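Here's the structure we're looking at; comments come further down.
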Amino acid sequence: MNVNLTDPIFHDESKAREHLENLRWPDGPWCAHCGSINVKRLEGKSYTPGALYCRDCRKKFTVAVGTLFERSHIPLHKWVLAFHLMTASKKGMSAHQLHRMLNITYKSAWFMAHRIREAMREPAGSGPLGGENKVVEADETFVGGKSKNRKGDRIPPKEAVMALVERDGACAASMSPTSRPRACVRCCSTRSRMPAI
Ligand SMILES: [Zn+2]
C-alpha cells in the first residue's frame, strides 16, 4: 500500500478529523454515548470543531469520544501520522523517534506509542487457534538475563514462556505456570524441556 505523507490528513486537523469520521462512521455519524443515529452537527464559532449533538440522550460528542484519542490534547493529525509511522515502519518506531518526527515532547510521544500499541493488541482470548486442516506449532523458551551478568554465581530468574503459532495465522504466548526453569539454565540457556501444558 502506498501512502502519501503529504496527504492533508497528516497535516491538517479538520482533514484528519474528517478522515477519522469516515473510518468510524462510514454510513453517517451515530451517538458515541447511546448509539442513536438521531444526531446533528453543531456548527458555529461557539462549538468545538467536529462537535455533534445527540437528540436522544442530549449529549455532545466528537469522533474522538470513546476512542483512544478522547481527551487528548495532541492534535488529531499528529495521532493519524503517529499511527501511520508506527504501523508502516518495518522495524518499528520508538517513542524517541516519534518525539523527533512529530515535534512533540518525549512524554507525549511515549504516551502515544503506548496507546497505539494497546489499540493494536488483539483482545485476550479472541478465539482458539487451529481447527480443521490448520497446523499449530508449539515451542517454549526461557526469557531472562544471563548468569554471567549477575553478581556471584547465582542462577538468573528466568521465566518459561510458551508460544503457540498457527501457520499463516495468529499466535499466542504466555508464561508457563507449570514449568520452573531452575533445573536447566546451567546446561542450556534458552531452551529446555517443559512439561506439557
Ligand atoms: Zn446519544
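By order of appearance in the C-alpha cells: chains A, B, ..., then residues from 1 within every chain, and ligands from 1 in the order shown.
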How close does chain A get to ligand 1? List, as a tab-separated table, each residue of chain A within 12 Å, its nearest atom pair and the distance in Å to one decimal, counting only C-alpha atoms and all ligand atoms.
```
residue	atom	partner	partner_atom_place_in_ligand_line	distance
A:Pro29	CA	ligand 1	1 (Zn)	11.0
A:Trp30	CA	ligand 1	1 (Zn)	7.8
A:Cys31	CA	ligand 1	1 (Zn)	4.6
A:Ala32	CA	ligand 1	1 (Zn)	6.6
A:His33	CA	ligand 1	1 (Zn)	4.9
A:Cys34	CA	ligand 1	1 (Zn)	4.1
A:Gly35	CA	ligand 1	1 (Zn)	5.9
A:Ser36	CA	ligand 1	1 (Zn)	5.3
A:Ile37	CA	ligand 1	1 (Zn)	8.0
A:Asn38	CA	ligand 1	1 (Zn)	7.8
A:Val39	CA	ligand 1	1 (Zn)	7.6
A:Lys40	CA	ligand 1	1 (Zn)	10.7
A:Leu52	CA	ligand 1	1 (Zn)	9.9
A:Tyr53	CA	ligand 1	1 (Zn)	7.7
A:Cys54	CA	ligand 1	1 (Zn)	4.5
A:Arg55	CA	ligand 1	1 (Zn)	6.7
A:Asp56	CA	ligand 1	1 (Zn)	5.2
A:Cys57	CA	ligand 1	1 (Zn)	4.0
A:Arg58	CA	ligand 1	1 (Zn)	6.2
A:Lys59	CA	ligand 1	1 (Zn)	6.0
A:Lys60	CA	ligand 1	1 (Zn)	8.0
A:Phe61	CA	ligand 1	1 (Zn)	8.7
A:Thr62	CA	ligand 1	1 (Zn)	11.6
A:Val65	CA	ligand 1	1 (Zn)	11.8
```
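DSSP, applied to the backbone of this structure, assigns strand (DSSP E) to the following residues of chain A: Val39, Lys40, Arg41, Leu52, Tyr53, Cys54, Lys60, Phe61, Val136, Glu137, Ala138, Asp139, Glu140, Thr141, Phe142, Val143, Glu159, Ala160, Val161, Met162, Ala163, Leu164, Val165, Glu166, Cys171, Ala172, Ala173, Ser174 and Met175 of chain A.
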Go ahead and dump the residues you just picked, C-alpha atoms, as an mmCIF file, in the first residue's frame.
```cif
data_model
loop_
_atom_site.group_PDB
_atom_site.id
_atom_site.type_symbol
_atom_site.label_atom_id
_atom_site.label_comp_id
_atom_site.auth_asym_id
_atom_site.auth_seq_id
_atom_site.Cartn_x
_atom_site.Cartn_y
_atom_site.Cartn_z
ATOM 1 C CA VAL A 39 -27.734 13.321 15.703
ATOM 2 C CA LYS A 40 -26.946 16.708 14.269
ATOM 3 C CA ARG A 41 -23.781 18.663 13.653
ATOM 4 C CA LEU A 52 -22.138 16.654 17.211
ATOM 5 C CA TYR A 53 -25.289 16.584 19.318
ATOM 6 C CA CYS A 54 -27.481 13.588 20.079
ATOM 7 C CA LYS A 60 -22.458 16.346 22.799
ATOM 8 C CA PHE A 61 -19.635 14.290 21.312
ATOM 9 C CA VAL A 136 -0.484 -25.200 15.169
ATOM 10 C CA GLU A 137 3.169 -25.300 16.209
ATOM 11 C CA ALA A 138 4.304 -25.042 19.812
ATOM 12 C CA ASP A 139 7.649 -24.095 21.309
ATOM 13 C CA GLU A 140 8.956 -22.768 24.546
ATOM 14 C CA THR A 141 11.864 -20.752 25.768
ATOM 15 C CA PHE A 142 13.243 -19.186 28.908
ATOM 16 C CA VAL A 143 13.349 -15.424 28.988
ATOM 17 C CA GLU A 159 10.583 -17.239 33.184
ATOM 18 C CA ALA A 160 9.360 -20.037 30.984
ATOM 19 C CA VAL A 161 7.347 -18.723 28.048
ATOM 20 C CA MET A 162 5.343 -20.983 25.834
ATOM 21 C CA ALA A 163 4.104 -19.919 22.424
ATOM 22 C CA LEU A 164 1.611 -21.440 20.034
ATOM 23 C CA VAL A 165 1.675 -20.299 16.419
ATOM 24 C CA GLU A 166 -0.883 -21.163 13.822
ATOM 25 C CA CYS A 171 -0.088 -16.671 17.656
ATOM 26 C CA ALA A 172 -0.441 -16.767 21.411
ATOM 27 C CA ALA A 173 2.278 -16.675 24.039
ATOM 28 C CA SER A 174 2.082 -16.887 27.784
ATOM 29 C CA MET A 175 4.220 -17.575 30.788
#
```
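Reported to one decimal place, the separation of CA of Gly127 (chain A) from CA of Ala170 (chain A) is 9.8 Å.
The nearest approach to Met112 (chain A) among the residues A:Gly152, A:Pro75, A:Gly50, A:Gly66, with only C-alpha atoms taken into account, belongs to A:Pro75.
Proximity of A:Val3, A:Leu76, A:Pro156, A:Leu20 to Ala88 (chain A), computed with only C-alpha atoms, is greatest for A:Val3.
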Residue neighbourhood Ile116 (chain A), 9 Å, only C-alpha atoms, exclusion window fewer than 5 positions, as an MDAnalysis selection string: chainID A and resid 68 79 82:83 86 111 121
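A straight line drawn from CA of Ser72 (chain A) to CA of Asn22 (chain A) is 19.8 Å long.
Residues with any atom within 12 Å of His11 (chain A), counting only C-alpha atoms and excluding same-chain neighbours fewer than 3 positions away, are Asn4, Leu5, Thr6, Asp7, Pro8, Ser14, Lys15, Ala16, Arg17, His19, Pro75, Leu76, His77, Lys78, Trp79, Val80, Leu81, Ala82 and Leu102 of chain A.
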Let me see the file: selected residues, N, CA and C atoms, as a PDB file, in the first residue's frame.
```pdb
ATOM      1  N   ASN A   4       0.818   8.588   0.824  1.00  0.00           N
ATOM      2  CA  ASN A   4       1.480   9.850   0.528  1.00  0.00           C
ATOM      3  C   ASN A   4       1.579  10.675   1.809  1.00  0.00           C
ATOM      4  N   LEU A   5       2.790  10.905   2.263  1.00  0.00           N
ATOM      5  CA  LEU A   5       2.950  11.635   3.528  1.00  0.00           C
ATOM      6  C   LEU A   5       2.588  13.110   3.408  1.00  0.00           C
ATOM      7  N   THR A   6       2.407  13.605   2.173  1.00  0.00           N
ATOM      8  CA  THR A   6       1.962  14.998   2.027  1.00  0.00           C
ATOM      9  C   THR A   6       0.429  15.087   2.045  1.00  0.00           C
ATOM     10  N   ASP A   7      -0.243  13.952   2.236  1.00  0.00           N
ATOM     11  CA  ASP A   7      -1.705  13.955   2.346  1.00  0.00           C
ATOM     12  C   ASP A   7      -2.119  14.906   3.476  1.00  0.00           C
ATOM     13  N   PRO A   8      -3.119  15.761   3.230  1.00  0.00           N
ATOM     14  CA  PRO A   8      -3.511  16.724   4.279  1.00  0.00           C
ATOM     15  C   PRO A   8      -3.967  16.084   5.580  1.00  0.00           C
ATOM     16  N   SER A  14      -8.649  19.507  10.568  1.00  0.00           N
ATOM     17  CA  SER A  14     -10.015  19.205  10.128  1.00  0.00           C
ATOM     18  C   SER A  14     -10.031  18.051   9.117  1.00  0.00           C
ATOM     19  N   LYS A  15      -9.016  17.977   8.280  1.00  0.00           N
ATOM     20  CA  LYS A  15      -8.942  16.852   7.319  1.00  0.00           C
ATOM     21  C   LYS A  15      -8.719  15.529   8.064  1.00  0.00           C
ATOM     22  N   ALA A  16      -7.893  15.579   9.102  1.00  0.00           N
ATOM     23  CA  ALA A  16      -7.651  14.376   9.895  1.00  0.00           C
ATOM     24  C   ALA A  16      -8.955  13.946  10.576  1.00  0.00           C
ATOM     25  N   ARG A  17      -9.727  14.929  11.097  1.00  0.00           N
ATOM     26  CA  ARG A  17     -10.985  14.595  11.759  1.00  0.00           C
ATOM     27  C   ARG A  17     -11.964  13.974  10.750  1.00  0.00           C
ATOM     28  N   HIS A  19     -11.223  12.356   8.104  1.00  0.00           N
ATOM     29  CA  HIS A  19     -10.715  11.029   7.782  1.00  0.00           C
ATOM     30  C   HIS A  19     -11.145  10.023   8.853  1.00  0.00           C
ATOM     31  N   PRO A  75      -2.982  17.151  18.722  1.00  0.00           N
ATOM     32  CA  PRO A  75      -3.875  17.300  17.568  1.00  0.00           C
ATOM     33  C   PRO A  75      -4.104  15.973  16.843  1.00  0.00           C
ATOM     34  N   LEU A  76      -5.317  15.832  16.293  1.00  0.00           N
ATOM     35  CA  LEU A  76      -5.667  14.561  15.648  1.00  0.00           C
ATOM     36  C   LEU A  76      -4.758  14.219  14.484  1.00  0.00           C
ATOM     37  N   HIS A  77      -4.281  15.253  13.739  1.00  0.00           N
ATOM     38  CA  HIS A  77      -3.438  14.912  12.586  1.00  0.00           C
ATOM     39  C   HIS A  77      -2.105  14.308  13.041  1.00  0.00           C
ATOM     40  N   LYS A  78      -1.668  14.668  14.250  1.00  0.00           N
ATOM     41  CA  LYS A  78      -0.439  14.047  14.759  1.00  0.00           C
ATOM     42  C   LYS A  78      -0.699  12.600  15.170  1.00  0.00           C
ATOM     43  N   TRP A  79      -1.891  12.358  15.689  1.00  0.00           N
ATOM     44  CA  TRP A  79      -2.269  10.975  16.006  1.00  0.00           C
ATOM     45  C   TRP A  79      -2.296  10.136  14.728  1.00  0.00           C
ATOM     46  N   VAL A  80      -2.919  10.687  13.676  1.00  0.00           N
ATOM     47  CA  VAL A  80      -3.029   9.938  12.418  1.00  0.00           C
ATOM     48  C   VAL A  80      -1.635   9.633  11.873  1.00  0.00           C
ATOM     49  N   LEU A  81      -0.752  10.633  11.932  1.00  0.00           N
ATOM     50  CA  LEU A  81       0.613  10.433  11.433  1.00  0.00           C
ATOM     51  C   LEU A  81       1.356   9.418  12.305  1.00  0.00           C
ATOM     52  N   ALA A  82       1.166   9.503  13.613  1.00  0.00           N
ATOM     53  CA  ALA A  82       1.840   8.563  14.514  1.00  0.00           C
ATOM     54  C   ALA A  82       1.377   7.137  14.229  1.00  0.00           C
ATOM     55  N   LEU A 102       7.373  14.150  15.169  1.00  0.00           N
ATOM     56  CA  LEU A 102       6.091  14.847  15.315  1.00  0.00           C
ATOM     57  C   LEU A 102       6.231  16.193  16.020  1.00  0.00           C
TER      58      LEU A 102
END
```
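Interatomic distance, CA of Met93 (chain A) to CA of Phe10 (chain A): 17.0 Å.
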Selection: 8 Å around region 104-107 of chain A, only C-alpha atoms, excl. self and same-chain fewer than 6 positions, as number ranges by chain: A: 95-96, 98
Near-Gly169 (chain A) list (10 Å; only C-alpha atoms; drop same-chain fewer than 5 positions) as a list of chain:residue names: A:Leu129, A:Gly130, A:Lys134, A:Val135, A:Val136
For the residues in the current selection, export N, CA and C atoms as a PDB file, in the first residue's frame.
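What landed in out_10.pdb:
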```pdb
ATOM      1  N   LEU A 129      -6.967 -21.141  18.651  1.00  0.00           N
ATOM      2  CA  LEU A 129      -6.115 -21.341  17.487  1.00  0.00           C
ATOM      3  C   LEU A 129      -6.465 -22.676  16.849  1.00  0.00           C
ATOM      4  N   GLY A 130      -6.092 -22.826  15.610  1.00  0.00           N
ATOM      5  CA  GLY A 130      -6.229 -24.115  14.951  1.00  0.00           C
ATOM      6  C   GLY A 130      -7.628 -24.389  14.442  1.00  0.00           C
ATOM      7  N   LYS A 134      -5.803 -27.054   9.855  1.00  0.00           N
ATOM      8  CA  LYS A 134      -4.863 -25.998  10.296  1.00  0.00           C
ATOM      9  C   LYS A 134      -3.747 -26.663  11.098  1.00  0.00           C
ATOM     10  N   VAL A 135      -2.585 -26.042  11.039  1.00  0.00           N
ATOM     11  CA  VAL A 135      -1.444 -26.593  11.776  1.00  0.00           C
ATOM     12  C   VAL A 135      -1.031 -25.596  12.843  1.00  0.00           C
ATOM     13  N   VAL A 136      -0.929 -26.063  14.074  1.00  0.00           N
ATOM     14  CA  VAL A 136      -0.484 -25.200  15.169  1.00  0.00           C
ATOM     15  C   VAL A 136       0.847 -25.744  15.686  1.00  0.00           C
TER      16      VAL A 136
END
```
Pick from A:Lys45, A:His99, A:Lys91, A:Arg24, whichever lies nearest to Ala64 (chain A) using only C-alpha atoms: A:Arg24
Would you give me, as an mmCIF file with C-alpha atoms, in the first residue's frame, the residues in region 26-161 of chain A that DSSP reads as alpha helix (DSSP H)?
```
data_model
loop_
_atom_site.group_PDB
_atom_site.id
_atom_site.type_symbol
_atom_site.label_atom_id
_atom_site.label_comp_id
_atom_site.auth_asym_id
_atom_site.auth_seq_id
_atom_site.Cartn_x
_atom_site.Cartn_y
_atom_site.Cartn_z
ATOM 1 C CA LEU A 76 -5.667 14.561 15.648
ATOM 2 C CA HIS A 77 -3.438 14.912 12.586
ATOM 3 C CA LYS A 78 -0.439 14.047 14.759
ATOM 4 C CA TRP A 79 -2.269 10.975 16.006
ATOM 5 C CA VAL A 80 -3.029 9.938 12.418
ATOM 6 C CA LEU A 81 0.613 10.433 11.433
ATOM 7 C CA ALA A 82 1.840 8.563 14.514
ATOM 8 C CA PHE A 83 -0.456 5.651 13.656
ATOM 9 C CA HIS A 84 0.887 5.581 10.141
ATOM 10 C CA LEU A 85 4.522 5.801 11.195
ATOM 11 C CA MET A 86 4.197 3.122 13.851
ATOM 12 C CA THR A 87 2.317 0.659 11.659
ATOM 13 C CA ALA A 88 4.198 1.262 8.404
ATOM 14 C CA ALA A 95 8.874 6.947 21.297
ATOM 15 C CA HIS A 96 12.067 8.982 20.816
ATOM 16 C CA GLN A 97 11.711 8.797 17.050
ATOM 17 C CA LEU A 98 8.059 9.909 17.305
ATOM 18 C CA HIS A 99 9.149 12.742 19.582
ATOM 19 C CA ARG A 100 11.568 13.976 16.926
ATOM 20 C CA MET A 101 9.336 13.435 13.906
ATOM 21 C CA LEU A 102 6.091 14.847 15.315
ATOM 22 C CA TYR A 106 9.051 12.820 24.617
ATOM 23 C CA LYS A 107 6.453 12.391 27.333
ATOM 24 C CA SER A 108 3.625 12.843 24.827
ATOM 25 C CA ALA A 109 5.334 10.571 22.314
ATOM 26 C CA TRP A 110 5.752 7.860 24.945
ATOM 27 C CA PHE A 111 2.063 8.148 25.846
ATOM 28 C CA MET A 112 1.008 7.981 22.178
ATOM 29 C CA ALA A 113 3.209 4.984 21.446
ATOM 30 C CA HIS A 114 1.720 3.089 24.383
ATOM 31 C CA ARG A 115 -1.839 3.890 23.416
ATOM 32 C CA ILE A 116 -1.253 2.947 19.791
ATOM 33 C CA ARG A 117 0.360 -0.357 20.748
ATOM 34 C CA GLU A 118 -2.513 -1.029 23.129
ATOM 35 C CA ALA A 119 -5.005 -0.303 20.342
ATOM 36 C CA MET A 120 -3.243 -2.761 18.056
#
```
